[in-house]
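Working notes for the structure below.
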Amino acid sequence: MKPLVKNILYIFITLISCYVIFRGISTLIVFLAENWLVFIVLPLAVTISVFILGFLSTSYSNRSINVPEEVKPKAQIFLIYAKEDFRDAMRISSYLKEHNFKIITHLEYADEIDFRGKIDNLITESNLVVVLISQNYESSKIAKYELDKAKTVGSNIIPVQVGLSSSMSSNLFEELSKETTGVDLSKGYIKSFEKLINITKSLTEAT
């Protein structure tokens, strides 16, 4: 191809390219001029939306959530009873738990290797000891051991008369009642339980 022809072709292609570019720019300018509102409002709307969402997210994550705190027991009570008086013991335990007292018994730790050592520690750590007195108590080695330990460490002891009594159990109930007012369940469960709660509260609040 001759140089002249090549130059003419080059100029022609350049002009066509410039024309196409010019037409594209012109079309874009016309489009922007006709739709300028879209290009202003849309970015502004997006920016505001992002800001609002970010603010709400931060507020939600930082707000305090009112989670009810676990209610702590008023006091720990060690409950002493003979196995034959289990039913009365559980009734008393349930009633005391309803009034937010923590109840401990030897039954929970029967499988401990150092059983007596564990019982000694629990009695010492307890705020109060409740002992069920009946004729069954007389033949219960563990109940006698626990009561002796409570006396040794100077625990506040509430005697509770349950079931059938004997002269020995009656004497023990009267002896313990000299230190702390005793409760006799034969007087009626409702009044006896109310009396037990009142005595328990007075003793634990004082410690």
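Letters A, B, ... go to the chains of the structure tokens in the order shown; residues in each chain start at 1; ligands are counted from 1 in the same order.
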Contacts of region 166-177 of chain A within 7 Å, only C-alpha atoms, excl. fewer than 3 positions in-chain, as a PyMOL selection string: chain A and resi 133-135+159+161+180-182
Would you output that residue set with C-alpha atoms, as a compact mmCIF listing (two decimals), in the first residue's frame?
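Once everything was written out, this is again-v1.txt:
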```
# COMPACT_ATOMS: atom_id res chain seq x y z
CA ILE A 133 -36.66 -35.64 116.94
CA SER A 134 -38.67 -38.87 117.17
CA GLN A 135 -38.28 -42.32 118.60
CA PRO A 159 -35.48 -29.16 117.30
CA GLN A 161 -40.75 -33.05 117.12
CA THR A 180 -33.80 -22.51 120.77
CA THR A 181 -37.59 -22.64 120.67
CA GLY A 182 -38.64 -26.03 119.35
```
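With only C-alpha atoms taken into account, the protein and nucleic acid residues at most 12 Å from Asn198 (chain A) (excluding it and anything under 4 positions from it in its own chain) are Leu96, His99, Ile158, Thr181, Gly182, Val183, Lys191, Ser192, Phe193, Glu194, Ser202, Leu203, Thr204 and Glu205 of chain A.
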Contacts of Ala89 (chain A) within 10 Å, only C-alpha atoms, excl. fewer than 2 positions in-chain, as number ranges by chain: A: 79-87, 91-95, 105, 130-132, 160, 162
Would you give me, as a PDB file with N, CA and C atoms, in the first residue's frame, the residues in region 79-146 of chain A that DSSP reads as strand (DSSP E or B)?
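Saved result, part-v5.pdb, follows:
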```pdb
ATOM      1  N   LEU A  79     -30.088 -30.307 107.569  1.00  0.00           N
ATOM      2  CA  LEU A  79     -31.257 -31.009 108.094  1.00  0.00           C
ATOM      3  C   LEU A  79     -30.853 -32.402 108.577  1.00  0.00           C
ATOM      4  N   ILE A  80     -31.095 -32.658 109.870  1.00  0.00           N
ATOM      5  CA  ILE A  80     -30.755 -33.953 110.476  1.00  0.00           C
ATOM      6  C   ILE A  80     -32.041 -34.756 110.689  1.00  0.00           C
ATOM      7  N   LYS A 102     -31.434 -22.772 101.498  1.00  0.00           N
ATOM      8  CA  LYS A 102     -30.725 -23.901 100.897  1.00  0.00           C
ATOM      9  C   LYS A 102     -30.647 -25.029 101.927  1.00  0.00           C
ATOM     10  N   ILE A 103     -31.142 -26.208 101.558  1.00  0.00           N
ATOM     11  CA  ILE A 103     -31.205 -27.335 102.482  1.00  0.00           C
ATOM     12  C   ILE A 103     -30.147 -28.380 102.119  1.00  0.00           C
ATOM     13  N   ILE A 104     -29.380 -28.783 103.104  1.00  0.00           N
ATOM     14  CA  ILE A 104     -28.349 -29.795 102.934  1.00  0.00           C
ATOM     15  C   ILE A 104     -28.672 -30.987 103.836  1.00  0.00           C
ATOM     16  N   LEU A 128     -27.426 -22.778 110.073  1.00  0.00           N
ATOM     17  CA  LEU A 128     -28.418 -23.281 111.021  1.00  0.00           C
ATOM     18  C   LEU A 128     -28.572 -24.782 110.851  1.00  0.00           C
ATOM     19  N   VAL A 129     -28.961 -25.467 111.936  1.00  0.00           N
ATOM     20  CA  VAL A 129     -29.224 -26.904 111.884  1.00  0.00           C
ATOM     21  C   VAL A 129     -30.645 -27.167 112.369  1.00  0.00           C
ATOM     22  N   VAL A 130     -31.375 -27.934 111.594  1.00  0.00           N
ATOM     23  CA  VAL A 130     -32.718 -28.363 112.002  1.00  0.00           C
ATOM     24  C   VAL A 130     -32.658 -29.871 112.211  1.00  0.00           C
ATOM     25  N   VAL A 131     -33.045 -30.327 113.407  1.00  0.00           N
ATOM     26  CA  VAL A 131     -32.987 -31.759 113.710  1.00  0.00           C
ATOM     27  C   VAL A 131     -34.376 -32.289 114.015  1.00  0.00           C
ATOM     28  N   LEU A 132     -34.739 -33.374 113.339  1.00  0.00           N
ATOM     29  CA  LEU A 132     -36.041 -34.017 113.567  1.00  0.00           C
ATOM     30  C   LEU A 132     -35.896 -35.008 114.719  1.00  0.00           C
ATOM     31  N   ILE A 133     -36.711 -34.794 115.754  1.00  0.00           N
ATOM     32  CA  ILE A 133     -36.657 -35.636 116.944  1.00  0.00           C
ATOM     33  C   ILE A 133     -37.865 -36.569 116.970  1.00  0.00           C
TER      34      ILE A 133
END
```
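Using only C-alpha atoms, the shortest contact distance between Asn156 (chain A) and any of A:Ile11, A:Ile123, A:Leu107, A:Ile142 is found at A:Ile123.
A straight line drawn from CA of Ile157 (chain A) to CA of Tyr137 (chain A) is 15.3 Å long.
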Every residue of region 61-151 of chain A that DSSP places in alpha helix (DSSP H), as a VMD selection string: chain A and resid 61 to 62 86 to 98 115 to 125 141 to 151
Using C-alpha atoms, can you export the residues from the last selection as a compact mmCIF listing (two decimals), in the first residue's frame?
```txt
# COMPACT_ATOMS: atom_id res chain seq x y z
CA SER A 61 -25.82 -3.91 70.75
CA ASN A 62 -25.04 -1.41 73.53
CA PHE A 86 -37.66 -39.30 105.52
CA ARG A 87 -41.19 -38.20 104.56
CA ASP A 88 -41.39 -35.56 107.28
CA ALA A 89 -37.87 -34.45 106.43
CA MET A 90 -38.77 -33.91 102.77
CA ARG A 91 -41.91 -31.96 103.69
CA ILE A 92 -39.91 -29.67 105.93
CA SER A 93 -37.15 -29.39 103.31
CA SER A 94 -39.65 -28.42 100.59
CA TYR A 95 -41.28 -25.83 102.82
CA LEU A 96 -37.96 -24.23 103.73
CA LYS A 97 -36.87 -24.21 100.07
CA GLU A 98 -40.06 -22.36 99.15
CA PHE A 115 -18.31 -39.14 104.28
CA ARG A 116 -17.98 -37.99 107.89
CA GLY A 117 -15.37 -35.40 106.99
CA LYS A 118 -17.73 -33.95 104.38
CA ILE A 119 -20.62 -33.92 106.86
CA ASP A 120 -18.44 -32.16 109.45
CA ASN A 121 -17.57 -29.43 106.97
CA LEU A 122 -21.18 -28.96 105.83
CA ILE A 123 -22.47 -28.65 109.39
CA THR A 124 -19.72 -26.17 110.23
CA GLU A 125 -20.45 -24.09 107.11
CA LYS A 141 -26.28 -43.51 114.38
CA ILE A 142 -25.84 -40.93 111.65
CA ALA A 143 -28.47 -38.57 113.11
CA LYS A 144 -26.83 -38.80 116.54
CA TYR A 145 -23.40 -38.18 115.03
CA GLU A 146 -24.62 -35.12 113.13
CA LEU A 147 -26.32 -33.64 116.19
CA ASP A 148 -23.22 -34.17 118.32
CA LYS A 149 -21.14 -32.43 115.64
CA ALA A 150 -23.58 -29.51 115.53
CA LYS A 151 -23.35 -29.14 119.32
```
